[in-house]
Structure formats: structure tokens, C-alpha cells
Amino acid sequence: MSALTLLVPNDVPGLQMNKEGNWVAVDYLPNALFVHVGDQIELKYTVECCEVLSNGKYKSVLHRSVVNKERTRFSWAVFCAVHTRL
């Protein structure tokens, strides 16, 4: 579970997000960073000592990557999470 995922993709398509039960391709944007909101920001509950942030105001993103047989797709992901011990 993460708070945010920062994703730096290359120009090979393959990132998809789930929208209303359907998988939708995410367009590549040159020089862009994708920011995925994680469960720790969406939900409101207590994780050991930390309350999660938005009480559902910001929605977690269900996403996946699909394979391209002709070109190599890569992305660099950085996961940011709330530290549960203060």
C-alpha cells in the first residue's frame, strides 16, 4: 500500500487504468510524470498510529501495464508511503 506512485514512462504504450470496470489506455505525454494516488490517501482508517489522509476525496487508481512484443517498454516508479511509526 502506498500514498503516491510517481511514474516516469518511455514512449512505448502499455499503461492502462481501470475506469468504471473497463481497462483504458493512458496516452503517453512527452516529458510528463504520472502521479497515481494510492490507498493511503483515499481511505480513512487507522494504520497503527497514522490516520489516512483524504477520507475518499481523492481516489486510488487501479492500473496495470501490458506487454508490447515489438518494443521494450520501461517505466521508473517511485513509491511514497506514510511511515507508520512516529
# chains A, B, ... in the order shown; residues from 1 in each chain; ligands from 1
>>> residues_around(residues="A:Lys69", least_positions_apart="2", cutoff="12 Å", atoms="only C-alpha atoms", output="CSV table (one decimal) with N, CA, C and O atoms, in the first residue's frame")
chain,number,residue,atom,x,y,z
A,12,VAL,N,6.7,4.0,-25.3
A,12,VAL,CA,6.1,2.8,-25.7
A,12,VAL,C,4.8,2.6,-24.9
A,12,VAL,O,4.8,2.6,-23.7
A,13,PRO,N,3.6,2.5,-25.6
A,13,PRO,CA,2.4,2.4,-24.9
A,13,PRO,C,2.3,1.1,-24.1
A,13,PRO,O,3.0,0.1,-24.4
A,14,GLY,N,1.4,1.1,-23.1
A,14,GLY,CA,1.2,-0.1,-22.3
A,14,GLY,C,0.5,0.2,-21.0
A,14,GLY,O,0.0,-0.7,-20.4
A,66,VAL,N,0.7,-3.5,-19.9
A,66,VAL,CA,0.6,-4.6,-20.8
A,66,VAL,C,1.9,-4.7,-21.7
A,66,VAL,O,2.6,-3.7,-21.9
A,67,VAL,N,2.2,-5.9,-22.2
A,67,VAL,CA,3.4,-6.1,-22.9
A,67,VAL,C,3.3,-5.7,-24.4
A,67,VAL,O,2.3,-5.8,-25.0
A,71,ARG,N,8.5,-3.6,-29.1
A,71,ARG,CA,9.4,-2.6,-28.5
A,71,ARG,C,9.4,-2.8,-27.0
A,71,ARG,O,8.5,-3.3,-26.4
A,72,THR,N,10.5,-2.4,-26.4
A,72,THR,CA,10.7,-2.5,-25.0
A,72,THR,C,10.1,-1.4,-24.3
A,72,THR,O,10.3,-0.2,-24.6
A,73,ARG,N,9.2,-1.7,-23.3
A,73,ARG,CA,8.5,-0.6,-22.6
A,73,ARG,C,9.2,-0.6,-21.2
A,73,ARG,O,9.4,-1.7,-20.6
>>> residues_around(residues="A:Val61", least_positions_apart="6", cutoff="9 Å", atoms="only C-alpha atoms", output="PyMOL selection string")
chain A and resi 17-19+36-39
>>> atom_distance(atom1="atom CA of A:Gly21", atom2="atom CA of A:Arg64")
13.2 Å
>>> closest_residue(among="A:Leu6, A:Val24, A:Val78, A:Leu15", to="A:Ser65", atoms="only C-alpha atoms")
A:Leu15
>>> closest_residue(among="A:Asn22, A:Asp27, A:Lys59, A:Val35", to="A:Val8", atoms="only C-alpha atoms")
A:Val35
